[in-house]
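S.K.: Take this structure first; my questions come after.
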Amino acid sequence: MASRVSTAAKQAELLKKDGNSCFKKERFGAAIDAYTEAITLCPNVPVDWARVEEDSRRAIQLDHNSVKGHYMLGLAFLQRGENTEGIKELERALDLGRAANENSDSVELIWQEFAKGKYREWELESTKRLWNLQTLKYVFFQLH
């Protein structure tokens with residue numbers, strides 16, 4: 001049993017490396033397929049978002065115009081629930097990606113994550129407004 005898990009983990013790591021290679025070559029569909037297969041093989045291996053954030057910050061220090069650095073940093077912020085920061089980084093990645101190649105698959109991928117982040121932010125703000133409204137109604141009816 002342990003050897004099967006070990007073999008799956010090794011295969012997943014190879015698929016992850018293959019995905020990284022495809023991503024660098026802007027073969028995003030192939031990269032996603034490789035990452036998906038890796039996750040399918042080892043679904044219990046969590047993504048270390050703190051490490052992703054650290055690596056992304058380092059990449060941005062080396063290249064302030066790193067599309068992937070800003071993209072991954074944005075995803076890391078969103079995973080921690082820091083929507084404003086995540087959206088800001090994704091917007092930067094989107095601007096940089098559009099400047100490099102407006103029609104690339106990466107721009108579409110960044111746009112999708114940016115839109116999800118904006119929606120989450122809107123949803124959170126809407127929930128807060130609704131909660132405040134309900135609280136005001138409760139206080140109003142208690143006083144009258």
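Letters A, B, ... mark the chains of the structure tokens in the order given; residue numbers begin at 1 per chain; ligand numbers begin at 1, in order shown.
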To test your reading of the structure, identify every residue in region 25-140 of chain A that backbone DSSP assigns to helix (DSSP H, G or I), and report it as a VMD selection string.
M.R.: chain A and resid 28 to 41 49 to 62 67 to 79 83 to 101 105 to 140
S.K.: Do you know which residues are at most 8 Å from region 112-125 of chain A counting only C-alpha atoms, after dropping those on the same chain fewer than 4 positions away, and could you put them as a list in words?
M.R.: Leu75, Leu78, Asn83, Thr84, Gly86, Ile87, Leu90, Glu91, Glu108 and Arg129 of chain A
S.K.: Mind dumping the selected residues with N, CA, C and O atoms as a PDB file, in the first residue's frame?
M.R.:
ATOM      1  N   LEU A  75      -3.516  34.867  -6.646  1.00  0.00           N
ATOM      2  CA  LEU A  75      -4.223  33.641  -6.241  1.00  0.00           C
ATOM      3  C   LEU A  75      -3.959  33.317  -4.771  1.00  0.00           C
ATOM      4  O   LEU A  75      -4.875  32.915  -4.045  1.00  0.00           O
ATOM      5  N   LEU A  78      -6.069  35.567  -2.652  1.00  0.00           N
ATOM      6  CA  LEU A  78      -7.467  35.154  -2.688  1.00  0.00           C
ATOM      7  C   LEU A  78      -7.703  33.915  -1.831  1.00  0.00           C
ATOM      8  O   LEU A  78      -8.726  33.813  -1.154  1.00  0.00           O
ATOM      9  N   ASN A  83      -9.142  39.501  -0.473  1.00  0.00           N
ATOM     10  CA  ASN A  83      -9.663  39.755  -1.807  1.00  0.00           C
ATOM     11  C   ASN A  83      -9.116  41.027  -2.438  1.00  0.00           C
ATOM     12  O   ASN A  83      -8.769  41.033  -3.625  1.00  0.00           O
ATOM     13  N   THR A  84      -9.048  42.113  -1.681  1.00  0.00           N
ATOM     14  CA  THR A  84      -8.590  43.381  -2.247  1.00  0.00           C
ATOM     15  C   THR A  84      -7.173  43.262  -2.794  1.00  0.00           C
ATOM     16  O   THR A  84      -6.896  43.674  -3.925  1.00  0.00           O
ATOM     17  N   GLY A  86      -5.601  40.449  -3.558  1.00  0.00           N
ATOM     18  CA  GLY A  86      -5.605  39.469  -4.634  1.00  0.00           C
ATOM     19  C   GLY A  86      -6.077  40.066  -5.948  1.00  0.00           C
ATOM     20  O   GLY A  86      -5.466  39.846  -6.996  1.00  0.00           O
ATOM     21  N   ILE A  87      -7.134  40.849  -5.877  1.00  0.00           N
ATOM     22  CA  ILE A  87      -7.665  41.493  -7.076  1.00  0.00           C
ATOM     23  C   ILE A  87      -6.650  42.465  -7.646  1.00  0.00           C
ATOM     24  O   ILE A  87      -6.448  42.531  -8.862  1.00  0.00           O
ATOM     25  N   LEU A  90      -3.980  40.435  -9.420  1.00  0.00           N
ATOM     26  CA  LEU A  90      -4.514  39.853 -10.652  1.00  0.00           C
ATOM     27  C   LEU A  90      -4.729  40.925 -11.721  1.00  0.00           C
ATOM     28  O   LEU A  90      -4.484  40.680 -12.899  1.00  0.00           O
ATOM     29  N   GLU A  91      -5.142  42.106 -11.293  1.00  0.00           N
ATOM     30  CA  GLU A  91      -5.309  43.200 -12.248  1.00  0.00           C
ATOM     31  C   GLU A  91      -3.961  43.602 -12.847  1.00  0.00           C
ATOM     32  O   GLU A  91      -3.850  43.849 -14.047  1.00  0.00           O
ATOM     33  N   GLU A 108      -6.744  35.200 -20.779  1.00  0.00           N
ATOM     34  CA  GLU A 108      -8.095  34.703 -20.504  1.00  0.00           C
ATOM     35  C   GLU A 108      -8.155  34.038 -19.134  1.00  0.00           C
ATOM     36  O   GLU A 108      -9.095  34.264 -18.368  1.00  0.00           O
ATOM     37  N   ARG A 129     -23.587  44.370   3.806  1.00  0.00           N
ATOM     38  CA  ARG A 129     -24.668  45.363   3.718  1.00  0.00           C
ATOM     39  C   ARG A 129     -25.995  44.765   4.178  1.00  0.00           C
ATOM     40  O   ARG A 129     -26.759  45.406   4.908  1.00  0.00           O
TER      41      ARG A 129
END
S.K.: Using CA of Gln79 (chain A) and CA of Asn20 (chain A) as the two end points, give the distance in Å to one decimal.
M.R.: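 Distance between the two atoms: 20.2 Å.
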